[in-house]
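> final-v7.txt is reproduced in full below (compact mmCIF, C-alpha atoms).
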# COMPACT_ATOMS: atom_id res chain seq x y z
CA MET A 1 121.99 -47.87 76.05
CA ARG A 2 124.50 -46.65 73.48
CA VAL A 3 127.68 -48.71 73.22
CA ALA A 4 130.98 -48.10 71.41
CA TYR A 5 133.24 -51.01 70.48
CA LEU A 6 136.89 -50.56 69.48
CA ASP A 7 138.16 -53.31 67.19
CA CYS A 8 141.95 -52.96 67.54
CA SER A 9 142.95 -55.65 65.05
CA THR A 10 146.09 -53.67 64.11
CA GLY A 11 146.45 -51.68 67.30
CA ILE A 12 145.45 -48.14 68.14
CA SER A 13 146.97 -44.67 68.01
CA GLY A 14 145.64 -41.20 68.66
CA ASP A 15 145.14 -40.28 65.01
CA MET A 16 143.44 -43.61 64.25
CA THR A 17 141.04 -43.02 67.15
CA LEU A 18 140.24 -39.50 66.05
CA ALA A 19 139.69 -40.58 62.45
CA ALA A 20 137.43 -43.46 63.49
CA LEU A 21 135.31 -41.12 65.63
CA ILE A 22 134.87 -38.70 62.74
CA ASP A 23 134.08 -41.52 60.32
CA ALA A 24 131.48 -42.86 62.78
CA GLY A 25 129.63 -39.55 62.66
CA VAL A 26 131.21 -37.19 65.20
CA ASP A 27 131.09 -33.59 63.98
CA VAL A 28 134.58 -32.69 62.76
CA ALA A 29 133.73 -28.99 63.05
CA ALA A 30 133.31 -29.35 66.82
CA ILE A 31 136.69 -31.07 67.07
CA ARG A 32 138.37 -28.38 64.99
CA ALA A 33 136.78 -25.66 67.14
CA ALA A 34 138.09 -27.33 70.30
CA VAL A 35 141.59 -27.65 68.82
CA ALA A 36 141.55 -24.02 67.66
CA SER A 37 140.69 -22.87 71.19
CA LEU A 38 143.94 -24.41 72.49
CA ASN A 39 145.65 -21.38 70.89
CA LEU A 40 148.44 -23.43 69.36
CA PRO A 41 149.67 -21.35 66.39
CA ASP A 42 148.97 -22.43 62.82
CA VAL A 43 147.54 -25.87 63.62
CA ARG A 44 145.25 -27.54 61.08
CA VAL A 45 143.34 -30.82 61.39
CA VAL A 46 143.26 -32.39 57.92
CA VAL A 47 140.85 -35.28 57.34
CA GLU A 48 141.11 -37.26 54.12
CA PRO A 49 139.88 -40.62 52.76
CA VAL A 50 142.54 -43.25 52.15
CA VAL A 51 142.71 -46.92 51.19
CA ARG A 52 144.46 -49.44 53.44
CA CYS A 53 144.98 -52.90 51.94
CA GLY A 54 141.96 -52.39 49.70
CA PHE A 55 139.64 -50.93 52.35
CA ARG A 56 138.46 -47.33 52.57
CA ALA A 57 139.09 -45.40 55.79
CA LEU A 58 139.64 -41.87 57.03
CA HIS A 59 143.07 -40.59 57.94
CA VAL A 60 143.74 -37.59 60.19
CA ARG A 61 146.85 -35.50 59.72
CA VAL A 62 147.79 -32.62 62.00
CA GLU A 63 149.67 -29.87 60.19
CA HIS A 64 151.71 -27.43 62.29
CA PRO A 65 154.99 -25.52 62.27
CA GLU A 66 158.12 -27.25 63.57
CA GLN A 67 158.40 -26.99 67.33
CA HIS A 68 161.08 -27.58 69.96
CA VAL A 69 158.97 -27.43 73.10
CA HIS A 70 158.97 -30.00 75.90
CA ARG A 71 155.79 -29.65 77.92
CA ASN A 72 154.99 -30.98 81.40
CA LEU A 73 151.61 -31.88 82.89
CA HIS A 74 151.06 -28.34 84.18
CA ASP A 75 151.66 -26.91 80.70
CA ILE A 76 149.21 -29.35 79.12
CA ASN A 77 146.54 -28.71 81.76
CA SER A 78 146.90 -24.96 81.25
CA LEU A 79 146.26 -25.38 77.53
CA ILE A 80 143.15 -27.44 78.24
CA ASP A 81 141.86 -25.20 81.04
CA ASN A 82 142.03 -22.14 78.78
CA ALA A 83 140.36 -23.84 75.80
CA THR A 84 137.07 -22.01 75.27
CA GLY A 85 135.89 -24.53 72.67
CA MET A 86 135.64 -27.44 75.13
CA THR A 87 132.96 -28.28 77.66
CA PRO A 88 133.92 -29.05 81.30
CA ALA A 89 133.31 -32.77 80.69
CA GLN A 90 135.56 -32.75 77.62
CA LYS A 91 138.30 -30.93 79.50
CA ASP A 92 138.08 -33.39 82.36
CA LEU A 93 138.39 -36.36 80.02
CA ALA A 94 141.38 -34.85 78.20
CA ARG A 95 143.10 -34.09 81.50
CA ARG A 96 142.54 -37.68 82.68
CA ILE A 97 144.11 -39.10 79.52
CA PHE A 98 147.19 -36.91 79.96
CA LEU A 99 147.33 -37.80 83.65
CA ALA A 100 147.44 -41.48 82.70
CA VAL A 101 150.44 -40.75 80.48
CA ALA A 102 152.13 -38.71 83.22
CA ARG A 103 151.69 -41.48 85.78
CA ALA A 104 153.14 -44.06 83.41
CA GLU A 105 156.13 -41.86 82.56
CA ALA A 106 156.71 -41.04 86.23
CA LYS A 107 156.74 -44.74 87.02
CA VAL A 108 159.20 -45.80 84.31
CA HIS A 109 161.54 -42.82 84.85
CA HIS A 110 161.28 -42.83 88.67
CA ALA A 111 160.20 -39.20 88.74
CA ALA A 112 157.49 -37.11 90.38
CA LEU A 113 154.44 -36.20 88.32
CA ASP A 114 155.38 -32.52 88.15
CA GLN A 115 158.86 -33.47 86.93
CA VAL A 116 157.68 -35.51 83.95
CA HIS A 117 158.29 -33.88 80.59
CA PHE A 118 156.18 -35.16 77.74
CA HIS A 119 158.19 -35.85 74.64
CA GLU A 120 156.26 -37.73 71.95
CA VAL A 121 152.91 -37.24 73.73
CA GLY A 122 153.67 -33.56 74.36
CA ALA A 123 154.04 -32.87 70.66
CA ILE A 124 151.35 -30.84 68.97
CA ASP A 125 149.94 -33.75 66.96
CA SER A 126 149.53 -35.86 70.10
CA ILE A 127 147.91 -32.98 71.98
CA VAL A 128 145.45 -32.55 69.13
CA ASP A 129 144.75 -36.29 69.00
CA ILE A 130 144.00 -36.54 72.73
CA VAL A 131 141.91 -33.39 72.87
CA GLY A 132 140.06 -34.47 69.72
CA ALA A 133 139.44 -37.95 71.13
CA ALA A 134 138.10 -36.48 74.38
CA VAL A 135 135.72 -34.21 72.48
CA GLY A 136 134.78 -37.00 70.08
CA PHE A 137 133.92 -39.59 72.72
CA ASP A 138 131.95 -37.01 74.67
CA LEU A 139 129.91 -36.14 71.58
CA LEU A 140 129.49 -39.82 70.73
CA GLY A 141 127.53 -40.22 73.97
CA ALA A 142 128.28 -43.90 74.55
CA ALA A 143 127.31 -45.13 77.99
CA GLU A 144 129.83 -47.98 77.70
CA VAL A 145 133.06 -48.39 75.76
CA VAL A 146 134.19 -51.97 75.05
CA CYS A 147 137.43 -53.00 73.37
CA SER A 148 138.97 -56.06 71.78
CA PRO A 149 142.31 -57.47 72.96
CA VAL A 150 145.10 -55.14 71.88
CA PRO A 151 148.22 -55.98 69.80
CA PRO A 152 151.24 -53.91 70.90
CA GLY A 153 153.30 -54.89 67.84
CA ARG A 154 156.86 -56.10 67.43
CA GLY A 155 160.34 -54.78 66.79
CA HIS A 156 162.07 -51.58 67.91
CA VAL A 157 161.34 -47.86 67.69
CA HIS A 158 163.37 -44.68 68.16
CA ILE A 159 162.06 -42.43 70.93
CA ALA A 160 163.50 -39.46 72.85
CA HIS A 161 165.36 -41.84 75.17
CA GLY A 162 166.92 -43.92 72.41
CA VAL A 163 166.03 -47.23 70.78
CA CYS A 164 163.34 -49.23 72.62
CA SER A 165 161.67 -52.53 71.97
CA VAL A 166 157.92 -52.55 71.36
CA PRO A 167 155.94 -51.82 73.44
CA THR A 168 157.99 -48.94 74.83
CA PRO A 169 158.22 -48.76 78.65
CA GLY A 170 155.63 -46.00 78.94
CA THR A 171 153.20 -47.78 76.62
CA ALA A 172 153.70 -51.05 78.50
CA GLU A 173 152.87 -49.33 81.78
CA LEU A 174 149.67 -47.92 80.27
CA LEU A 175 148.72 -51.38 78.98
CA LYS A 176 148.73 -52.95 82.45
CA GLY A 177 145.45 -54.75 83.03
CA ILE A 178 144.58 -54.72 79.33
CA PRO A 179 144.44 -58.07 77.48
CA LEU A 180 147.10 -58.18 74.78
CA VAL A 181 147.33 -60.29 71.65
CA ASP A 182 150.30 -60.89 69.37
CA VAL A 183 149.98 -59.84 65.74
CA PRO A 184 152.99 -60.75 63.55
CA VAL A 185 153.76 -57.23 62.31
CA ALA A 186 157.19 -55.68 62.86
CA ALA A 187 155.93 -52.24 63.82
CA GLU A 188 154.66 -50.27 66.80
CA LEU A 189 150.94 -51.01 66.51
CA THR A 190 149.82 -49.43 69.78
CA THR A 191 151.29 -46.03 70.60
CA PRO A 192 151.47 -44.27 73.98
CA THR A 193 148.56 -42.04 73.03
CA GLY A 194 146.46 -45.00 71.93
CA ALA A 195 147.26 -46.90 75.13
CA ALA A 196 146.39 -43.85 77.25
CA ILE A 197 143.02 -43.50 75.53
CA LEU A 198 142.27 -47.19 76.17
CA SER A 199 143.33 -47.15 79.82
CA THR A 200 141.18 -44.08 80.50
CA LEU A 201 138.06 -44.70 78.42
CA VAL A 202 137.44 -48.43 78.09
CA ASP A 203 135.00 -49.97 80.57
CA ARG A 204 135.74 -53.59 79.70
CA PHE A 205 137.55 -55.78 77.20
CA GLY A 206 136.11 -58.68 75.25
CA PRO A 207 134.25 -59.65 72.08
CA LEU A 208 131.81 -57.45 70.21
CA PRO A 209 128.82 -56.98 72.55
CA ASP A 210 125.23 -57.66 71.53
CA MET A 211 124.01 -54.49 69.86
CA THR A 212 122.04 -53.02 67.00
CA LEU A 213 124.59 -51.18 64.86
CA GLU A 214 124.08 -47.49 64.09
CA SER A 215 127.42 -46.66 62.44
CA ILE A 216 130.95 -47.94 61.87
CA GLY A 217 134.00 -45.70 61.75
CA TYR A 218 137.29 -46.67 60.08
CA GLY A 219 140.40 -44.83 61.27
CA ALA A 220 143.55 -45.44 59.24
CA GLY A 221 147.08 -45.68 60.53
CA THR A 222 149.88 -44.05 58.58
CA ARG A 223 151.43 -47.26 57.28
CA ASP A 224 149.83 -49.43 54.63
CA PHE A 225 150.62 -53.08 55.40
CA THR A 226 150.60 -55.59 52.56
CA ASP A 227 148.76 -58.41 54.34
CA ARG A 228 146.14 -56.62 56.47
CA ALA A 229 144.22 -53.36 56.65
CA ASN A 230 145.89 -50.99 59.08
CA VAL A 231 142.65 -49.57 60.44
CA LEU A 232 140.91 -49.14 63.77
CA ARG A 233 137.20 -49.98 63.54
CA LEU A 234 134.74 -48.24 65.83
CA PHE A 235 131.30 -49.86 66.08
CA VAL A 236 128.56 -47.67 67.53
CA GLY A 237 125.13 -49.04 68.39
CA VAL A 238 122.41 -49.68 70.91
CA ALA A 239 122.99 -52.55 73.30
CA ALA A 240 120.51 -55.41 73.22
CA PRO A 241 118.24 -55.39 76.29
CA LYS A 242 119.72 -57.48 79.07
CA ASP A 243 117.85 -60.35 80.58
CA ALA A 244 116.69 -58.98 83.92
CA GLU A 245 117.07 -62.43 85.46
CA THR A 246 120.75 -62.96 84.57
CA ASP A 247 123.92 -61.00 85.18
CA GLN A 248 127.67 -61.48 85.50
CA VAL A 249 129.82 -61.71 88.60
CA LEU A 250 133.54 -62.06 89.14
CA ILE A 251 134.94 -65.01 91.08
CA LEU A 252 138.27 -64.44 92.85
CA GLU A 253 139.86 -67.32 94.71
CA THR A 254 143.18 -68.18 96.30
CA ASN A 255 144.61 -71.18 98.19
CA LEU A 256 146.14 -70.33 101.57
CA ASP A 257 148.19 -72.56 103.86
CA ASP A 258 150.26 -70.08 105.86
CA VAL A 259 147.78 -67.63 107.40
CA THR A 260 145.77 -67.86 110.59
CA GLY A 261 142.03 -67.99 110.92
CA GLU A 262 142.09 -64.49 112.41
CA ILE A 263 143.76 -63.09 109.29
CA ILE A 264 141.25 -64.82 107.05
CA GLY A 265 138.37 -63.40 109.09
CA TYR A 266 139.89 -59.92 109.06
CA THR A 267 140.48 -60.12 105.31
CA ARG A 268 136.88 -61.21 104.78
CA GLN A 269 135.59 -58.15 106.62
CA LYS A 270 137.81 -55.82 104.57
CA LEU A 271 136.65 -57.40 101.32
CA LEU A 272 132.98 -57.02 102.26
CA ALA A 273 133.53 -53.42 103.30
CA ALA A 274 135.18 -52.76 99.92
CA GLY A 275 132.12 -53.97 98.02
CA ALA A 276 132.42 -57.75 97.69
CA LEU A 277 129.03 -59.41 97.33
CA ASP A 278 130.15 -62.39 99.41
CA VAL A 279 133.32 -63.93 100.80
CA PHE A 280 133.58 -67.50 102.08
CA SER A 281 136.22 -70.08 102.91
CA GLN A 282 136.50 -73.84 102.63
CA SER A 283 138.96 -76.35 104.03
CA ILE A 284 141.06 -78.01 101.32
CA GLN A 285 144.00 -80.38 101.05
CA MET A 286 146.94 -78.81 99.21
CA LYS A 287 150.12 -80.23 97.71
CA LYS A 288 152.43 -82.19 100.01
CA ASP A 289 149.27 -83.08 101.94
CA ARG A 290 149.20 -79.72 103.69
CA PRO A 291 145.78 -78.62 105.01
CA GLY A 292 144.78 -75.24 103.70
CA THR A 293 141.94 -72.82 103.07
CA LEU A 294 140.27 -71.87 99.80
CA LEU A 295 139.20 -68.22 100.09
CA THR A 296 136.57 -67.26 97.52
CA VAL A 297 135.24 -63.80 96.73
CA ILE A 298 132.12 -63.04 94.67
CA SER A 299 132.07 -59.48 93.37
CA ARG A 300 131.10 -57.18 90.58
CA PRO A 301 133.62 -57.34 87.69
CA ALA A 302 134.44 -53.64 88.04
CA ASP A 303 135.67 -54.18 91.62
CA ARG A 304 138.40 -56.66 90.69
CA GLU A 305 141.43 -54.40 91.11
CA LYS A 306 140.64 -53.06 94.58
CA LEU A 307 139.63 -56.49 95.91
CA GLU A 308 142.77 -58.13 94.54
CA GLU A 309 144.85 -55.45 96.25
CA ILE A 310 143.26 -56.40 99.58
CA LEU A 311 143.89 -60.11 99.01
CA PHE A 312 147.53 -59.57 98.08
CA ALA A 313 148.15 -57.17 100.98
CA GLU A 314 146.40 -59.09 103.76
CA THR A 315 147.15 -62.73 102.87
CA ALA A 316 150.51 -62.36 101.07
CA THR A 317 149.21 -64.87 98.53
CA PHE A 318 151.36 -65.52 95.46
CA GLY A 319 148.43 -65.81 93.06
CA ILE A 320 144.71 -65.14 92.64
CA ARG A 321 142.55 -66.98 90.12
CA HIS A 322 139.76 -64.96 88.56
CA ARG A 323 136.94 -65.56 86.10
CA VAL A 324 133.71 -63.86 85.10
CA VAL A 325 130.66 -66.13 85.24
CA GLU A 326 127.01 -65.81 84.32
CA ARG A 327 124.45 -66.33 87.05
CA SER A 328 120.68 -66.53 87.20
CA ILE A 329 119.13 -64.13 89.68
CA ARG A 330 115.86 -63.01 91.12
CA GLN A 331 114.80 -59.47 90.51
CA ARG A 332 114.59 -57.79 93.88
CA ARG A 333 113.77 -54.69 95.86
CA ALA A 334 113.87 -53.62 99.48
CA VAL A 335 110.50 -53.69 101.27
CA GLU A 336 109.03 -53.72 104.78
CA ALA A 337 106.74 -56.34 106.23
CA VAL A 338 104.48 -55.09 109.03
CA THR A 339 104.46 -57.49 112.02
CA PRO A 340 102.50 -57.19 115.32
CA TRP A 341 105.68 -55.72 116.85
CA GLY A 342 106.50 -53.27 114.08
CA PRO A 343 107.90 -53.16 110.52
CA VAL A 344 110.72 -55.48 109.50
CA ARG A 345 113.05 -54.63 106.65
CA GLY A 346 113.74 -57.30 104.07
CA LYS A 347 114.30 -58.10 100.43
CA LEU A 348 111.54 -59.24 98.08
CA GLY A 349 112.67 -61.38 95.16
CA TRP A 350 110.72 -62.69 92.18
CA ARG A 351 111.11 -64.52 88.88
CA SER A 352 109.12 -64.08 85.70
CA ASN A 353 107.36 -67.39 86.34
CA GLY A 354 105.63 -65.87 89.36
CA ASP A 355 107.89 -67.41 92.02
CA VAL A 356 108.17 -64.88 94.89
CA VAL A 357 110.27 -65.04 98.05
CA PHE A 358 110.80 -62.65 100.95
CA THR A 359 113.93 -62.67 103.13
CA PRO A 360 113.71 -60.66 106.37
CA GLU A 361 116.89 -58.98 107.53
CA PHE A 362 118.39 -60.74 110.52
CA GLU A 363 119.38 -57.50 112.27
CA ALA A 364 115.85 -56.08 111.99
CA CYS A 365 114.30 -59.29 113.35
CA ALA A 366 116.85 -59.59 116.16
CA GLU A 367 116.23 -56.00 117.23
CA ILE A 368 112.47 -56.55 117.46
CA ALA A 369 112.93 -59.88 119.28
CA ALA A 370 115.16 -58.26 121.89
CA LEU A 371 112.98 -55.17 122.26
CA HIS A 372 109.70 -57.07 122.74
CA GLY A 373 111.03 -60.21 124.41
CA VAL A 374 109.71 -62.64 121.81
CA PRO A 375 111.57 -65.59 120.23
CA LEU A 376 113.52 -64.68 117.13
CA ARG A 377 111.94 -67.49 115.13
CA GLU A 378 108.46 -66.03 115.78
CA VAL A 379 109.55 -62.65 114.42
CA PHE A 380 110.90 -64.34 111.30
CA ARG A 381 107.65 -66.27 110.80
CA ALA A 382 105.51 -63.16 111.32
CA ALA A 383 107.59 -61.17 108.85
CA GLU A 384 107.38 -63.91 106.23
CA CYS A 385 103.61 -64.14 106.65
CA ALA A 386 103.20 -60.37 106.33
CA ALA A 387 105.46 -60.07 103.28
CA PRO A 388 104.10 -58.59 100.05
CA ALA A 389 102.67 -61.19 97.70
CA GLY A 390 104.18 -59.78 94.51
CA PRO A 391 106.85 -57.51 93.05
CA GLN A 392 105.26 -54.30 94.38
CA PRO A 393 105.92 -53.59 98.09
CA LEU A 394 103.05 -52.97 100.50
CA SER A 395 104.91 -50.01 101.93
CA PRO A 396 108.10 -48.20 100.97
CA VAL A 397 111.21 -48.60 103.06
CA ARG A 398 111.51 -45.69 105.43
CA ASP A 399 114.70 -43.73 105.91
CA GLN A 400 116.92 -45.41 108.44
CA ALA A 401 118.52 -43.65 111.32
CA PRO A 402 122.17 -42.64 111.01
CA GLY A 403 124.49 -45.54 111.61
CA ARG A 404 121.79 -48.05 110.75
CA GLU A 405 122.21 -48.13 106.98
CA HIS A 406 122.07 -51.62 105.50
CA THR A 407 124.47 -51.82 102.59
CA HIS A 408 125.34 -55.51 102.31
CA ASP A 409 123.87 -57.11 99.22
CA HIS A 410 122.11 -60.37 100.09
CA ASP A 411 122.70 -61.69 96.60
CA HIS A 412 125.59 -63.94 97.51
CA ASP A 413 124.57 -67.49 96.68
CA HIS A 414 124.14 -68.92 100.15
CA ASP A 415 124.50 -72.50 98.99
CA HIS A 416 128.08 -71.63 97.94
CA ARG A 417 127.79 -73.47 94.62
CA TYR A 418 130.03 -71.48 92.32
CA ASP A 419 131.12 -71.99 88.75
CA SER A 420 134.25 -74.05 89.60
CA GLY A 421 152.59 -50.12 62.70
CA HIS A 422 152.43 -46.63 63.00
CA ASP A 423 155.50 -44.61 62.11
CA HIS A 424 154.77 -41.87 64.64
CA ASP A 425 154.54 -41.91 68.42
CA HIS A 426 151.08 -40.65 69.13
Show me the file's structure as structure tokens.

Amino acid sequence: MRVAYLDCSTGISGDMTLAALIDAGVDVAAIRAAVASLNLPDVRVVVEPVVRCGFRALHVRVEHPEQHVHRNLHDINSLIDNATGMTPAQKDLARRIFLAVARAEAKVHHAALDQVHFHEVGAIDSIVDIVGAAVGFDLLGAAEVVCSPVPPGRGHVHIAHGVCSVPTPGTAELLKGIPLVDVPVAAELTTPTGAAILSTLVDRFGPLPDMTLESIGYGAGTRDFTDRANVLRLFVGVAAPKDAETDQVLILETNLDDVTGEIIGYTRQKLLAAGALDVFSQSIQMKKDRPGTLLTVISRPADREKLEEILFAETATFGIRHRVVERSIRQRRAVEAVTPWGPVRGKLGWRSNGDVVFTPEFEACAEIAALHGVPLREVFRAAECAAPAGPQPLSPVRDQAPGREHTHDHDHDHDHRYDSGHDHDH
């Protein structure tokens, strides 16, 4: 799997991103063709090598006539829709980046999406940067984009609405959910365009992932700092094969002392329906000797936001702890075990050491027990005895009737042991 890693040691802007993509090997001719098809008059994408604090990098400069146009989201989408030099996937990505900006601006200015006028991000250079980044990432073909923590910078900048502290309100809105880090540089290190690219493209944030490097792109910012290289590094490579018997899960937990058992049960059902792998509760003693409940959710890391929204809405909790943990797992697949009363659905699990287990589904066993008038424990025993002896199933799982789909993942740890400086605005 191809992976791209953004090392934002001095932040990120649109031109830095575009330059890093080109330096990493993306065809600049394809980007120029896409930009030309926007039909913006007399626009040129100039790419040149520069040195930033002793290190070589590429710098992108967009040359164009002076303009006095304020564009809204409809205007931008029309430009993209009519661009003959972009594929549908590239257009979709560019539109999503601009939509992220529009939503942020609508939020900070208390306006409807169709009333938002782009100022800095509606300028020609920012349009070129976003369209070029969309084309570049599409051509890069990375299945996953990972990013380091992001420094917003320090100080104040002049924008269309006056003097603002860094990060500007729109940039700050786009950086929600993104881990930030302070870098002692009195400059705007992360611009609105850079923040929009991150919020739209990045799959996860963290350290450099395990990979075999193919190329490294260096995209230079406009300023040349004296104590550090003002560059965005883009690492492109092939991810190291993952251990099939380990993965990562997200643990969400909150302490509750003012909700009823009915609310906890209702919340649990909503969390499971939204994709949680498991939800469980434990009695705890809280401060001031109040009895309470610890509600714990095990989920996939990508589901954090929607599950937290449910917890906040249904329990009115004031805080949710979260952490990503490694777990050891069995490889598994759905199979059927043929019993004297019919097939029973279940899950076959195995480890590389040859250890194999089969877990029949309760609903399937209960249905057979009721239909044939036999004890449930006998159906379980028969299914376990008839289970496949290895990773390959004896028979494939047949299509289930409508309304009988089984979607709940049994991988939920039943023993409940859990691991307690750019001088432009684009």
> Under the rule that only C-alpha atoms are counted, which of A:Ile130, A:Ile97, A:Ala29, A:Val231 is the nearest residue to His59 (chain A)?
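For His59 (chain A), the nearest of the given residues is A:Val231.
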> Nearest residue to Gly11 (chain A) out of A:Ala229, A:Ala337, A:Ile320, A:Leu272, using all atoms listed in the file?
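Checking each candidate against Gly11 (chain A), we get A:Ala229 as the closest.
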> What's around region 159-173 of chain A at 7 Å? Count all atoms listed in the file, leave out sequence neighbours fewer than 3 positions away in its own chain, and write the answer as a list of chain:residue names.
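That gives A:Ala104, A:Glu105, A:Val108, A:His119, A:Pro152, A:Gly153, A:Arg154, A:Gly155, A:His156, A:Lys176, A:Glu188, A:Thr191, A:Pro192, A:Ala195.
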> Smallest atom-to-atom distance to Val26 (chain A): which of A:Pro340, A:Gly132, A:Pro209, A:Gly275, using all atoms listed in the file?
A:Gly132
> When you draw a straight line from CA of Ile178 (chain A) to CA of Ala100 (chain A), how long is it in Å?
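Distance reported for this atom pair: 14.0 Å.
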> Which residue out of A:Ser352, A:Thr10, A:Thr87, A:Thr190 has the minimum interatomic distance to Ala33 (chain A) when all atoms listed in the file are used?
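That would be A:Thr87, the residue with the smallest distance to Ala33 (chain A).
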> Where atoms are absent from region 132-143 of chain A, fill them in so it carries N, CA, C and O atoms, then output it as a short mmCIF file (atom, residue, chain, number, x, y, z; two decimals), in the frame of the given file.

data_model
loop_
_atom_site.label_atom_id
_atom_site.label_comp_id
_atom_site.auth_asym_id
_atom_site.auth_seq_id
_atom_site.Cartn_x
_atom_site.Cartn_y
_atom_site.Cartn_z
N GLY A 132 141.10 -34.08 70.68
CA GLY A 132 140.06 -34.47 69.72
C GLY A 132 139.34 -35.73 70.13
O GLY A 132 138.11 -35.83 69.99
N ALA A 133 140.08 -36.71 70.67
CA ALA A 133 139.44 -37.95 71.13
C ALA A 133 138.52 -37.68 72.32
O ALA A 133 137.42 -38.25 72.40
N ALA A 134 138.94 -36.81 73.22
CA ALA A 134 138.10 -36.48 74.38
C ALA A 134 136.81 -35.81 73.92
O ALA A 134 135.71 -36.15 74.41
N VAL A 135 136.92 -34.88 73.01
CA VAL A 135 135.72 -34.21 72.48
C VAL A 135 134.87 -35.21 71.72
O VAL A 135 133.64 -35.25 71.86
N GLY A 136 135.52 -36.05 70.90
CA GLY A 136 134.78 -37.00 70.08
C GLY A 136 134.00 -38.01 70.89
O GLY A 136 132.82 -38.27 70.61
N PHE A 137 134.64 -38.60 71.90
CA PHE A 137 133.92 -39.59 72.72
C PHE A 137 132.80 -38.94 73.53
O PHE A 137 131.75 -39.54 73.75
N ASP A 138 133.02 -37.71 73.96
CA ASP A 138 131.95 -37.01 74.67
C ASP A 138 130.75 -36.79 73.75
O ASP A 138 129.60 -37.01 74.15
N LEU A 139 131.00 -36.36 72.53
CA LEU A 139 129.91 -36.14 71.58
C LEU A 139 129.27 -37.44 71.13
O LEU A 139 128.07 -37.47 70.82
N LEU A 140 130.04 -38.52 71.13
CA LEU A 140 129.49 -39.82 70.73
C LEU A 140 128.40 -40.26 71.70
O LEU A 140 127.42 -40.89 71.30
N GLY A 141 128.57 -39.95 72.98
CA GLY A 141 127.53 -40.22 73.97
C GLY A 141 127.35 -41.69 74.30
O GLY A 141 126.24 -42.10 74.66
N ALA A 142 128.39 -42.49 74.21
CA ALA A 142 128.28 -43.90 74.55
C ALA A 142 128.31 -44.08 76.06
O ALA A 142 129.18 -43.55 76.75
N ALA A 143 127.35 -44.85 76.56
CA ALA A 143 127.31 -45.13 77.99
C ALA A 143 128.36 -46.17 78.39
O ALA A 143 128.75 -46.24 79.55
#
